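What follows is a short report on a single structure.
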Amino acid sequence: MTTLDRANPPGSGTLRSFDFPAVERRELPSGLDLRVAIMNRLPMVSLNLFLRAGEAALEPQVAGLAVLTADALEGGTRGRDGAELAEALEGIGARVSANGGWEGTSVALSCLAERLPEALSILSEMVLAPAFPPTEVDRAREQQLASIRQRAMDPASLATDTAQARYFDPEVPYARAVDGTVASIEAMTPATMLGFAEANYRPSSSGLVVVGDVDPGEVRAMAAEHLGAWEGAPANRADFTAAPRTRDRTVTLVHRPGAAQSEIRVGHVGAARSIPEYYPLSIANMVLGGMFTSRLNLNLREQNGFTYGVRSRFTFRMQAGPFQISTAVGNDVTAPALEQIMLELGRMAEDGPSSEEVEAARDYAAGVFGLQIETARQVATRVTQLVVYDLPDDHFDRYRDVVRAVTREEATDAASRYIRPDEAQIVVVGDAEVVGEPLRALGLGGVEVVDG
Amino acid sequence: MPSLSIPFERHRLDNGLRVVLAPDRTIPVVATNLWYGVGSRNEPKGKTGFAHLFEHMMFQGSAHVPKNKHFEMIERVGGASNATTWFDRTNYFETVPSHQLELTLWLESDRMGWMLPAMDQEKLDNQRDVVKNEKRQRYDNQPYGDWSERLQRLVYPEDHPYHHTVIGSMEDIEAATLDDVASFFRTFYVPDNAVITLAGDIDPAGALEQVKRYFGDIEPGGPIPSIPGNADVAPLIGRTLRDHVRADVPLPRIIMGFRTPSYASDDFAVAEVARALLGVGRASRLYRRLVRERRVARGVVSYVFPLLSGASMFLVWATGYPDGSPAELEAALSEEIAALADARQSEIDRAIALVETDLVRSMERVADRADLLSMFELYFDDPDRINKELDRLRAVRVEQVRTFTRERLGEENRAVVVFEPESSR
């Protein structure tokens with residue numbers, strides 16, 4: 001054995017190439033986009049039924065309807081009540097969850113592969129023949145109301161919700177919380193939900209993604225059997241552009257007397273998933289606050305000890321979602337932390353990342369991709385993105401090469417256009433008595449104090 | 001019924017380091033996972049929170065690895081890295097593309113063997129601040145954030161190693177010195193108090209050579225001091241202990257803890273099955289009865305802490321509705337727990353089916369697989385337990401669940417923490 005040189009990190013071995021699992025694509029006559037990928041190292045299957053029934057297509061009076069309807073799907077079908085449905089699914093070891101979001105509703109299922117035929121049959125029944133019995137609707141509604149109330153009292157959620165409303169024009173759905181308001185939820189009835197599901201749980205432009213230890217031919221046959229007679233297109237369609245509420249910088253201080261620390265959000269309207277600069281902008285954001293070794297985290301956490309962690313993020317949606325920096329810091333360092341955040345934001349917008357930083361972020365993004373497609377659920381989620389955002393079939397096959405090709409110039413250009421410190425909306429949830437004066441002294445603009 | 005068979009091999013280096021190798025070459029990713037036999041239970045009075053603070057210090061560099069380079073190097077190759085501290089152990093892990101395996105061995109061996117030369121006061125002060133922020137963010141500024149602290153105080157007597165939390169007291173953290181760091185390191189961070197598992201895209205023979213190369217020349221430690229305090233507790237708390245908290249929380253919440261046989265005991269499986277009947281899945285008793293039918297709870301949770309020293313903790317909680325009465329919620333929860341004394345076999349079948357799916361899914365990621373293997377090796381000298389988990393649970397008979405309910409989940413073995421919202425803001 002040669003003597004070990006500990007002073008320097010070891011060189012790497014040879015990169016083993018591997019491919020994103022091959023996805024077989026087939027459109028059913030109804031327009032349902034069926035995609036099947038084989039992953040057979042474990043006897044598992046994960047499935048996603050994506051329905052284009054999302055919050056972004058809803059008027060403000062019915063905000064939260066897609067979320068609530070998805071939650072209430074477990075309430076039963078025309079053939080079995082909620083308890084029977086749960087028994088049937090869990091008796092075969094199937095885990096099902098339904099979630100409403102901005103772009104649509106996802107019904108996810110995981111089970112042992114040998115149980116897929118029964119599981120898909122029950123899942124189809126849930127979506128095609130939901131019953132929304134009044135007691136179950138009451139339960140789902142009370143749960144959602146409690147959750148809305150809980151969010152208002154949780155400093156982190158309160159900060160995020162307040163910030164969304166500062167970023168977007170009030171007409172834009174993204175300005176509101178995805179699960180609606182007390183008023184909109186209280187007004188919902190079983191009939192509203194049944195109407196929503198019948199009008200919007202439709203196969204055209206929706207997708208069924210199946211990943212695991214399966215035979216694509218058998219999956220096709222199963223899908224045809226259970227979903228073949230289903231037809232139509234969703235009635236509600238999103239129609240808006242994500243305009244900002246203002247282009248002026250504002251500072252909002254949500255007063256919570258006696259808060260143990262301050263929750264900080266800084267952001268503005270970000271970018272849509274479809275922008276051509278998707279990759280360079282993602283790389284720029286990684287350098288700013290998208291990794292542990294990002295500028296923001298090294299500055300605020302490692303150098304200054306202001307926080308347990310800080311991150312920045314572009315949430316890419318059909319329309320421009322938010323760009324946001326989030327952190328929580330001690331009361332006494334609230335102003336200094338915000339000062340550093342604005343400094344880093346300005347540096348990134350002005351000069352972009354360095355070549356070394358771009359290289360590091362590229363290596364990270366390309367390398368971590370392998371870790372993100374280990375499980376059937378992870379792969380199913382990714383393949384679903386192809387359906388949701390209408391991305392090319394070979395998107396994930398090319399992912400690592402495309403990421404590796406991003407240049408410093410492209411990242412700098414994207415940062416300068418999509419990161420705009422002068423338009424930043426700053427929200428602090430904390431004790432105004434303690435942090436108010438230092439915040440004003442920063443000179444970022446007038447500080448509007450509101451009650452939390 | 002497909003049965004799991006995760007292949008692995010075990011080795012022990014001359015310095016006592018235990019090695020588990022679990023090849024699976026389907027995806028070119030490898031998980032490196034170390035478990036050290038030290039956690040918050042090893043902290044004496046006045047040093048609470050130190051094991052966790054020390055875990056932070058392990059990322060502050062070592063003789064050949066500059067401060068912050070650990071995360072940077074792992075991120076640079078597209079890997080993920082972190083660590084967690086718990087009652088009985090501390091774990092450190094990296095997942096990387098498999099051609100970068102050696103990097104993880106270099107980083108982990110350097111801090112196992114040569115951490116102290118890199119320590120200084122400034123790093124300690126900085127990480128003390130980070131930990132204090134972590135406590136503020138995750139415990140103090142969170143509704144219900146102190147539930148665990150309150151519950152542990154009730155379930156375990158004052159001299160028991162699980163009486164205090166992992167995050168510890170900030171006064172104790174404040175008092176920590178560089179000498180504490182050095183002596184903790186020399187005592188606990190030694191190869192004969194650790195397990196390393198490599199799972200994923202490895203060639204076992206080559207991987208073992210690499211582990212020997214990087215870890216083989218680290219000196220073994222002395223005897224591990226016995227756990228401070230007194231881990232022997234009576235099997236039951238003896239009565240119902242209560243902590244009624246009026247706080248700035250959005251919803252009432254009842255949290256109940258029960259002393260339960262240790263994770264090392266055969267009876268622990270009974271607790272796990274009872275827990276699944278009560279709260280795993282939507283056909284579980286608490287969800288069906290409290291959430292769906294009676295609608296007194298918005299959500300329910302059941303859990304068993306897998307703890308080794310003296311007694312584990314069986315945990316059930318229910319979150320109510322804004323206008324609901326905490327007393328009624330508690331009464332309803334007590335009733336449903338007591339009713340488990342008539343558990344049926346069909347319920348066990350359902351719960352086992354669901355647990356099986358969860359178990360298979362937990363094998364999908366090599367990082368999770370490695371973590372389980374390390375745990376089973378460190379705790380039980382038996383990594384093959386990973387392949388026997390389901391049999392262990394399937395062996396539980398309905399009579400045992402009924403007896404467990406009567407003996408362990410009654411009023412004479414109960415700690416209750418009630419969170420009641422302060423009059424609405």
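If you're wondering about the labels, chains in the structure tokens are A, B, ... by order shown, residues count from 1 in each chain, ligands from 1 in order shown.
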
Which residues are near A:Leu73? Cut-off 8 Å, only C-alpha atoms, ignore same chain within fewer than 6 positions. Put them as a list in words.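 Contacts, with the query itself left out: Ala98, Met126, Val127, Pro130 and Phe132 of chain A.
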
Go ahead and save the picked residues with N, CA and C atoms, as a CSV table (one decimal), in the first residue's frame.
```csv
chain,number,residue,atom,x,y,z
A,98,ALA,N,-53.6,13.1,-2.1
A,98,ALA,CA,-54.1,14.0,-3.2
A,98,ALA,C,-53.8,15.4,-2.7
A,126,MET,N,-61.8,6.8,-7.1
A,126,MET,CA,-61.7,8.0,-6.3
A,126,MET,C,-61.8,9.3,-7.1
A,127,VAL,N,-61.2,9.3,-8.3
A,127,VAL,CA,-61.1,10.5,-9.1
A,127,VAL,C,-62.4,10.6,-10.0
A,130,PRO,N,-66.1,10.5,-7.2
A,130,PRO,CA,-66.0,11.0,-5.8
A,130,PRO,C,-67.4,11.3,-5.3
A,132,PHE,N,-68.1,13.1,-2.0
A,132,PHE,CA,-68.1,14.3,-1.2
A,132,PHE,C,-69.3,14.3,-0.2
```

Given a cut-off of 6 Å, which residues of chain B touch chain A, counting only C-alpha atoms, written out as a list in words? His64, Glu72, Glu75, Arg76, Val77, Gly78, Gly79, His99, Gln100, Leu103, Asn126, Asp129, Val130, Asn133, Glu134, Asn141, Pro250, Arg282, Ala283, Arg298, Arg350, Ala353, Leu354, Thr357, Glu364 and Arg365 of chain B

Rounded to one decimal place, report the atom CA of A:Ser157-atom CA of A:Arg311 distance in Å.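 Pair atom CA of A:Ser157 / atom CA of A:Arg311 returns 15.4 Å.
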
Could you name the residues that touch B:Ala297 at 9 Å or less, counting only C-alpha atoms, but leaving out those on the same chain fewer than 2 positions away, as JSON, numbers by chain? {"A": [143], "B": [253, 286, 287, 290, 291, 292, 294, 295, 299, 300, 318, 319, 320, 321, 324, 329]}

Keeping C-alpha atoms for every residue in the selection just given, could you write it to a file as a PDB file, in the first residue's frame?
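Result file out10.pdb:
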```pdb
ATOM      1  CA  GLN A 143     -59.242  21.125   8.821  1.00  0.00           C
TER       2      GLN A 143
ATOM      3  CA  ARG B 253     -53.041  20.019  21.303  1.00  0.00           C
ATOM      4  CA  LEU B 286     -57.237   7.541  15.931  1.00  0.00           C
ATOM      5  CA  TYR B 287     -57.694   8.912  12.423  1.00  0.00           C
ATOM      6  CA  LEU B 290     -61.181  11.197  16.199  1.00  0.00           C
ATOM      7  CA  VAL B 291     -60.570  12.877  12.866  1.00  0.00           C
ATOM      8  CA  ARG B 292     -63.174  11.319  10.614  1.00  0.00           C
ATOM      9  CA  ARG B 294     -66.085  12.329  15.943  1.00  0.00           C
ATOM     10  CA  ARG B 295     -64.301  15.268  14.346  1.00  0.00           C
ATOM     11  CA  GLY B 299     -54.854  15.615  13.095  1.00  0.00           C
ATOM     12  CA  VAL B 300     -53.334  12.756  15.063  1.00  0.00           C
ATOM     13  CA  ALA B 318     -54.037  14.998  18.825  1.00  0.00           C
ATOM     14  CA  THR B 319     -54.516  18.531  17.584  1.00  0.00           C
ATOM     15  CA  GLY B 320     -57.972  19.966  18.108  1.00  0.00           C
ATOM     16  CA  TYR B 321     -60.050  22.670  16.504  1.00  0.00           C
ATOM     17  CA  GLY B 324     -62.694  22.785  20.816  1.00  0.00           C
ATOM     18  CA  LEU B 329     -60.124  16.217  23.256  1.00  0.00           C
TER      19      LEU B 329
END
```

Need to verify the contact set: A:Asp394, 10 Å, only C-alpha atoms, exclusion of same-chain residues closer than 3 positions in sequence. Can you return it as a list in words?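 So, after excluding close chain neighbours, the residues are Phe20, Ala22, Val23, Leu386, Leu391, Asp397, Arg398 and Tyr399 of chain A.
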
For those residues, write C-alpha atoms to a file as a PDB file, in the first residue's frame.
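Output contents, as saved in selection_12.pdb:
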```
ATOM      1  CA  PHE A  20     -32.477   8.704 -16.792  1.00  0.00           C
ATOM      2  CA  ALA A  22     -36.427   5.363 -20.343  1.00  0.00           C
ATOM      3  CA  VAL A  23     -39.962   6.711 -20.426  1.00  0.00           C
ATOM      4  CA  LEU A 386     -42.671  17.073 -18.287  1.00  0.00           C
ATOM      5  CA  LEU A 391     -41.177  20.051 -21.567  1.00  0.00           C
ATOM      6  CA  ASP A 397     -31.775  12.878 -20.670  1.00  0.00           C
ATOM      7  CA  ARG A 398     -30.060  16.131 -21.608  1.00  0.00           C
ATOM      8  CA  TYR A 399     -30.266  17.771 -18.203  1.00  0.00           C
TER       9      TYR A 399
END
```
